[in-house]
file input_24.txt (compact mmCIF, C-alpha atoms)
# COMPACT_ATOMS: atom_id res chain seq x y z
CA ARG H 1 66.57 273.64 57.81
CA TYR H 2 67.46 276.07 60.58
CA PHE H 3 65.86 279.53 60.67
CA LEU H 4 68.15 282.09 62.29
CA GLN H 5 66.91 285.61 63.02
CA ILE H 6 69.82 288.03 62.65
CA GLN H 7 67.92 291.32 62.71
CA ASN H 8 64.72 292.87 64.05
CA GLY H 9 62.89 296.19 63.63
CA CYS H 10 63.06 298.64 60.74
CA ASP H 11 64.37 302.18 60.18
CA HIS H 12 62.10 302.82 57.19
CA ARG H 13 58.55 304.07 57.25
CA CYS H 14 56.66 302.56 54.33
CA THR H 15 53.23 304.18 54.36
CA PHE H 16 51.34 300.85 54.56
CA CYS H 17 53.42 299.19 57.28
CA ILE H 18 52.77 299.12 61.03
CA ILE H 19 55.84 297.00 61.95
CA PRO H 20 58.24 299.87 62.87
CA TYR H 21 55.69 301.24 65.33
CA GLY H 22 55.58 297.92 67.14
CA ARG H 23 59.14 296.63 66.83
CA GLY H 24 61.13 299.86 66.76
CA ASN H 25 64.22 300.70 64.76
CA SER H 26 66.56 298.16 63.18
CA ARG H 27 68.71 296.13 65.56
CA SER H 28 71.32 293.61 64.44
CA VAL H 29 72.46 290.45 66.17
CA SER H 30 76.24 290.44 66.69
CA ILE H 31 78.49 288.42 64.39
CA ASN H 32 79.79 286.31 67.28
CA LYS H 33 76.26 285.40 68.37
CA ILE H 34 75.29 284.50 64.80
CA LEU H 35 78.37 282.32 64.35
CA ASP H 36 77.74 280.58 67.70
CA ASN H 37 74.15 279.80 66.67
CA ILE H 38 75.23 278.41 63.31
CA ASN H 39 77.91 276.26 64.95
CA GLU H 40 75.27 274.84 67.30
CA ALA H 41 72.93 274.17 64.37
CA LEU H 42 75.64 272.29 62.50
CA GLN H 43 76.42 270.26 65.62
CA ASN H 44 72.75 269.25 65.58
CA ASN H 45 73.00 268.08 61.98
CA PHE H 46 71.12 270.91 60.24
CA LYS H 47 72.07 271.13 56.57
CA GLU H 48 70.67 274.53 55.61
CA ILE H 49 70.73 277.86 57.45
CA ILE H 50 68.13 280.49 56.53
CA LEU H 51 68.95 284.03 57.64
CA THR H 52 65.79 285.93 58.58
CA GLY H 53 64.85 289.41 59.77
CA VAL H 54 62.23 292.14 59.49
CA ASP H 55 64.55 294.18 57.23
CA LEU H 56 67.31 291.70 56.52
CA THR H 57 69.42 293.89 54.24
CA SER H 58 69.79 296.48 57.01
CA TRP H 59 71.85 294.05 59.09
CA GLY H 60 74.95 295.81 60.41
CA LYS H 61 73.89 299.31 59.37
CA GLU H 62 74.06 300.63 62.95
CA SER H 63 77.62 299.32 63.34
CA LEU H 64 80.58 301.69 63.37
CA ASP H 65 82.33 299.27 61.01
CA GLN H 66 81.65 300.52 57.47
CA ASP H 67 82.29 297.02 56.13
CA HIS H 68 79.27 295.52 57.83
CA SER H 69 76.55 294.53 55.38
CA LEU H 70 74.47 291.45 54.63
CA GLY H 71 76.96 290.47 51.92
CA PHE H 72 79.84 290.80 54.37
CA LEU H 73 78.02 288.58 56.87
CA VAL H 74 77.13 285.92 54.28
CA LYS H 75 80.75 285.76 53.12
CA LYS H 76 81.94 285.55 56.73
CA ILE H 77 79.60 282.65 57.49
CA LEU H 78 80.63 280.66 54.41
CA ASN H 79 84.32 281.24 55.13
CA GLU H 80 83.95 280.23 58.78
CA PHE H 81 81.93 277.07 58.11
CA LYS H 82 83.40 275.21 55.16
CA THR H 83 81.21 272.17 55.88
CA LEU H 84 77.93 274.13 55.76
CA PRO H 85 76.16 272.71 52.67
CA ARG H 86 73.54 275.45 52.21
CA LEU H 87 73.01 279.06 53.22
CA ARG H 88 69.85 280.91 52.22
CA VAL H 89 68.55 284.44 52.79
CA SER H 90 64.87 285.19 53.34
CA SER H 91 62.95 288.24 52.10
CA ILE H 92 65.21 291.15 51.15
CA ASP H 93 64.77 294.77 50.06
CA PRO H 94 65.76 295.28 46.39
CA ALA H 95 66.98 298.79 47.26
CA GLU H 96 69.70 297.53 49.61
CA ILE H 97 71.31 294.47 48.02
CA ASP H 98 75.04 295.12 48.27
CA TYR H 99 77.87 294.29 45.90
CA LYS H 100 79.43 291.74 48.26
CA LEU H 101 76.22 289.72 48.35
CA MET H 102 76.16 289.60 44.56
CA GLU H 103 79.82 288.54 44.56
CA VAL H 104 79.13 285.65 46.92
CA LEU H 105 76.07 284.66 44.87
CA GLU H 106 78.34 284.32 41.85
CA HIS H 107 81.37 282.64 43.40
CA ASP H 108 80.12 280.44 46.26
CA HIS H 109 77.34 278.11 45.20
CA ARG H 110 76.55 277.19 48.78
CA LEU H 111 74.57 280.44 48.84
CA MET H 112 71.31 279.21 47.40
CA PRO H 113 70.20 280.66 44.02
CA HIS H 114 66.86 282.03 45.13
CA LEU H 115 66.01 285.58 46.24
CA HIS H 116 62.67 286.65 47.64
CA LEU H 117 62.26 290.36 46.97
CA SER H 118 60.10 292.82 48.88
CA ILE H 119 58.93 294.54 45.67
CA GLN H 120 55.34 295.43 46.73
CA HIS H 121 54.36 297.09 43.44
CA GLY H 122 55.32 297.68 39.81
CA ASP H 123 54.19 301.26 39.31
CA ASP H 124 56.68 304.04 40.07
CA LEU H 125 54.08 306.51 41.34
CA ILE H 126 52.54 303.95 43.70
CA LEU H 127 56.02 302.95 44.89
CA LYS H 128 56.68 306.58 45.78
CA ARG H 129 53.36 306.80 47.62
CA MET H 130 54.35 303.66 49.49
CA LYS H 131 57.67 305.36 50.34
CA ARG H 132 59.59 302.48 48.84
CA ARG H 133 63.17 303.22 47.82
CA HIS H 134 63.23 301.45 44.46
CA LEU H 135 61.54 301.87 41.10
CA TYR H 136 60.46 299.46 38.35
CA ARG H 137 63.78 299.76 36.52
CA ASP H 138 65.74 298.99 39.71
CA VAL H 139 64.04 295.61 40.05
CA ILE H 140 64.67 294.76 36.40
CA ASN H 141 68.33 295.76 36.66
CA LEU H 142 68.73 293.69 39.82
CA VAL H 143 67.26 290.48 38.41
CA LYS H 144 69.28 290.87 35.20
CA GLU H 145 72.51 291.30 37.14
CA ALA H 146 71.74 288.37 39.44
CA ARG H 147 70.96 286.13 36.45
CA ARG H 148 74.18 287.23 34.75
CA ARG H 149 76.10 286.09 37.81
CA ARG H 150 73.99 282.98 38.57
CA PRO H 151 71.93 281.92 35.53
CA GLU H 152 69.83 279.31 37.38
CA ILE H 153 68.59 281.75 40.03
CA THR H 154 64.87 282.05 40.75
CA PHE H 155 62.95 284.93 42.31
CA GLY H 156 60.01 285.29 44.62
CA ALA H 157 58.27 288.55 45.51
CA ASP H 158 55.84 290.14 47.94
CA ILE H 159 53.20 292.16 46.09
CA ILE H 160 50.40 294.38 47.47
CA SER H 161 47.29 294.61 45.29
CA GLY H 162 44.86 297.50 45.40
CA PHE H 163 46.98 300.09 47.20
CA PRO H 164 45.04 303.36 47.71
CA THR H 165 44.84 305.55 44.55
CA GLU H 166 46.01 302.61 42.39
CA SER H 167 44.70 303.07 38.85
CA TYR H 168 44.10 300.15 36.52
CA GLU H 169 47.19 301.22 34.55
CA ALA H 170 49.25 301.10 37.76
CA HIS H 171 47.92 297.60 38.43
CA ARG H 172 48.91 296.58 34.89
CA ASN H 173 52.44 297.80 35.59
CA THR H 174 52.65 295.34 38.47
CA LEU H 175 51.61 292.52 36.14
CA LYS H 176 54.14 293.73 33.58
CA LEU H 177 56.94 293.73 36.16
CA ILE H 178 56.16 290.20 37.34
CA GLU H 179 56.22 289.00 33.73
CA GLU H 180 59.33 290.90 32.65
CA ALA H 181 61.32 289.99 35.78
CA LYS H 182 60.10 286.37 35.52
CA ILE H 183 59.04 286.19 39.17
CA ASN H 184 58.23 282.53 39.78
CA PHE H 185 56.98 282.62 43.37
CA VAL H 186 54.53 285.47 44.00
CA HIS H 187 53.06 286.21 47.43
CA VAL H 188 50.04 288.52 47.02
CA PHE H 189 48.62 290.63 49.82
CA PRO H 190 45.33 292.46 49.14
CA PHE H 191 45.70 295.92 50.64
CA SER H 192 44.27 296.23 54.13
CA PRO H 193 44.59 299.55 55.99
CA ARG H 194 46.53 299.52 59.25
CA GLU H 195 45.33 302.09 61.76
CA GLY H 196 47.96 304.75 62.39
CA THR H 197 49.70 304.41 59.03
CA PRO H 198 49.63 307.15 56.36
CA ALA H 199 48.14 304.76 53.77
CA ALA H 200 45.08 304.23 55.96
CA LYS H 201 44.21 307.91 55.43
CA MET H 202 44.46 307.72 51.63
CA LYS H 203 41.53 307.16 49.29
CA LEU H 204 40.78 303.44 49.44
CA LEU H 205 39.69 301.25 46.54
CA SER H 206 36.62 299.09 46.85
CA THR H 207 36.98 295.61 48.31
CA GLU H 208 35.73 294.14 45.03
CA VAL H 209 38.45 295.89 42.99
CA ILE H 210 41.19 294.92 45.45
CA THR H 211 40.04 291.29 45.43
CA GLU H 212 39.82 291.12 41.64
CA ARG H 213 43.28 292.60 41.16
CA ALA H 214 44.76 290.24 43.75
CA LYS H 215 43.22 287.32 41.86
CA GLU H 216 44.74 288.52 38.57
CA ILE H 217 48.20 288.80 40.15
CA ARG H 218 47.89 285.34 41.72
CA ASN H 219 46.87 283.84 38.38
CA LEU H 220 49.93 285.32 36.69
CA GLY H 221 52.14 284.12 39.53
CA HIS H 222 50.71 280.61 39.21
CA LYS H 223 51.28 280.67 35.46
CA ASN H 224 54.93 281.68 35.95
CA LYS H 225 55.44 279.01 38.61
CA MET H 226 53.96 276.25 36.45
CA ARG H 227 56.07 277.37 33.49
CA TYR H 228 59.17 277.17 35.65
CA PHE H 229 58.23 273.74 37.02
CA ARG H 230 57.72 272.41 33.51
CA SER H 231 61.19 273.67 32.56
CA MET H 232 62.68 271.43 35.26
CA ILE H 233 61.24 268.20 33.90
CA ASN H 234 64.02 265.77 32.89
CA ASN H 235 66.63 267.84 34.75
CA HIS H 236 68.66 266.77 37.76
CA LYS H 237 68.40 268.91 40.92
CA LYS H 238 69.84 268.57 44.40
CA VAL H 239 67.14 268.30 47.07
CA LEU H 240 67.48 268.67 50.83
CA VAL H 241 65.13 265.97 52.11
CA GLU H 242 62.85 266.79 55.05
CA GLU H 243 59.91 264.99 56.65
CA GLY H 244 60.50 261.67 54.95
CA ASN H 245 59.54 262.39 51.35
CA LYS H 246 59.55 266.20 51.07
CA GLY H 247 62.26 268.74 50.45
CA TYR H 248 63.44 271.78 48.55
CA THR H 249 65.74 272.20 45.58
CA GLU H 250 68.49 274.80 45.71
CA CYS H 251 66.20 277.16 43.75
CA PHE H 252 63.46 276.69 46.38
CA SER H 253 61.10 274.42 44.49
CA LYS H 254 59.26 272.05 46.80
CA VAL H 255 59.63 268.38 45.85
CA HIS H 256 57.62 265.31 46.88
CA PHE H 257 59.19 261.89 46.37
CA ASN H 258 57.19 258.72 45.82
CA GLU H 259 58.71 257.12 48.88
CA ASN H 260 60.32 258.16 52.14
CA LEU H 261 64.05 258.82 51.97
CA PRO H 262 66.61 259.15 54.78
CA SER H 263 66.94 262.82 55.75

call {"tool": "encode", "arguments": {"input": "input_24.txt", "output": "structure tokens"}}
result
Amino acid sequence: RYFLQIQNGCDHRCTFCIIPYGRGNSRSVSINKILDNINEALQNNFKEIILTGVDLTSWGKESLDQDHSLGFLVKKILNEFKTLPRLRVSSIDPAEIDYKLMEVLEHDHRLMPHLHLSIQHGDDLILKRMKRRHLYRDVINLVKEARRRRPEITFGADIISGFPTESYEAHRNTLKLIEEAKINFVHVFPFSPREGTPAAKMKLLSTEVITERAKEIRNLGHKNKMRYFRSMINNHKKVLVEEGNKGYTECFSKVHFNENLPS
């Protein structure tokens, strides 16, 4: 797999995040540079390209071309490189997924059916205090639409536990969202204040509460992942083999084979 950074920086100011202060505003790599890098990767026998960035869905936003979006770029890459077996996108903002990306997800199955969403929380009030640009219902609508277009799709998510002022009910809303959206791959980050951010000045929860809530979220995430893995038993999946006997399915499940296979 070949990891290709197509964007850096961020124009948004989530109250918990220090990244924009260190990396500046969003900057996109040019289409020509991206295509050149992919061509070189294919020449070196890479079989999967993963597009990465700090705020991936903001790619192209500073361009004068109104057409530029992540979906536009993904479609361009797949049209330019007909022999590219797999294209994958890394963590994306659920508030900025564009129609063209959903179109490609439905019609070109070389775009892998797995989306990792920067959700962060499941409670609308906490999301507003985080200065996120989506709400609970937006995530649910997104996953429903993606599954309508690509039924086998799986989802991962970044979640922050114990954000300042988080009530137990707000925490339960995060658990509810993970369950309702059927998030199979959950990355949990116990809240840790970053000096200079607005969230660091808010009323903090105790370390014990943050740790306990993070554990509860991880347990639910593990339960969802195991349920998904069990659903794959006796099914056939395509795996890109790496490192002798390890690889990933199209839906981003890691697989170990009993013996080394040619990669």

call {"tool": "closest_residue", "arguments": {"input": "input_24.txt", "among": "H:Leu78, H:Ile153, H:Ala95, H:Leu105", "to": "Asn141 of chain H", "atoms": "all atoms listed in the file"}}
result
H:Ala95

call {"tool": "atom_distance", "arguments": {"input": "input_24.txt", "atom1": "atom CA of Leu35 of chain H", "atom2": "atom CA of Lys47 of chain H"}}
result
15.0 Å

call {"tool": "residues_around", "arguments": {"input": "input_24.txt", "residues": "Val239 of chain H", "least_positions_apart": "6", "cutoff": "8 Å", "atoms": "only C-alpha atoms", "output": "NGL selection string"}}
result
:H and (247-250 or 255)

call {"tool": "atom_distance", "arguments": {"input": "input_24.txt", "atom1": "atom CA of Ser58 of chain H", "atom2": "atom CA of Pro113 of chain H"}}
result
20.5 Å

call {"tool": "closest_residue", "arguments": {"input": "input_24.txt", "among": "H:Ile92, H:Val186, H:Ile19, H:Cys251", "to": "Ser161 of chain H", "atoms": "all atoms listed in the file"}}
result
H:Val186

call {"tool": "residues_near_point", "arguments": {"input": "input_24.txt", "point": "(73.4, 289.6, 66.4)", "cutoff": "10 Å", "atoms": "all atoms listed in the file", "output": "count of residues only"}}
result
16

call {"tool": "closest_residue", "arguments": {"input": "input_24.txt", "among": "H:Cys17, H:Ile159, H:Met102, H:Ile178", "to": "Leu220 of chain H", "atoms": "all atoms listed in the file"}}
result
H:Ile178

call {"tool": "closest_residue", "arguments": {"input": "input_24.txt", "among": "H:Val104, H:Ala157, H:Leu42, H:Ile18", "to": "Phe72 of chain H", "atoms": "all atoms listed in the file"}}
result
H:Val104
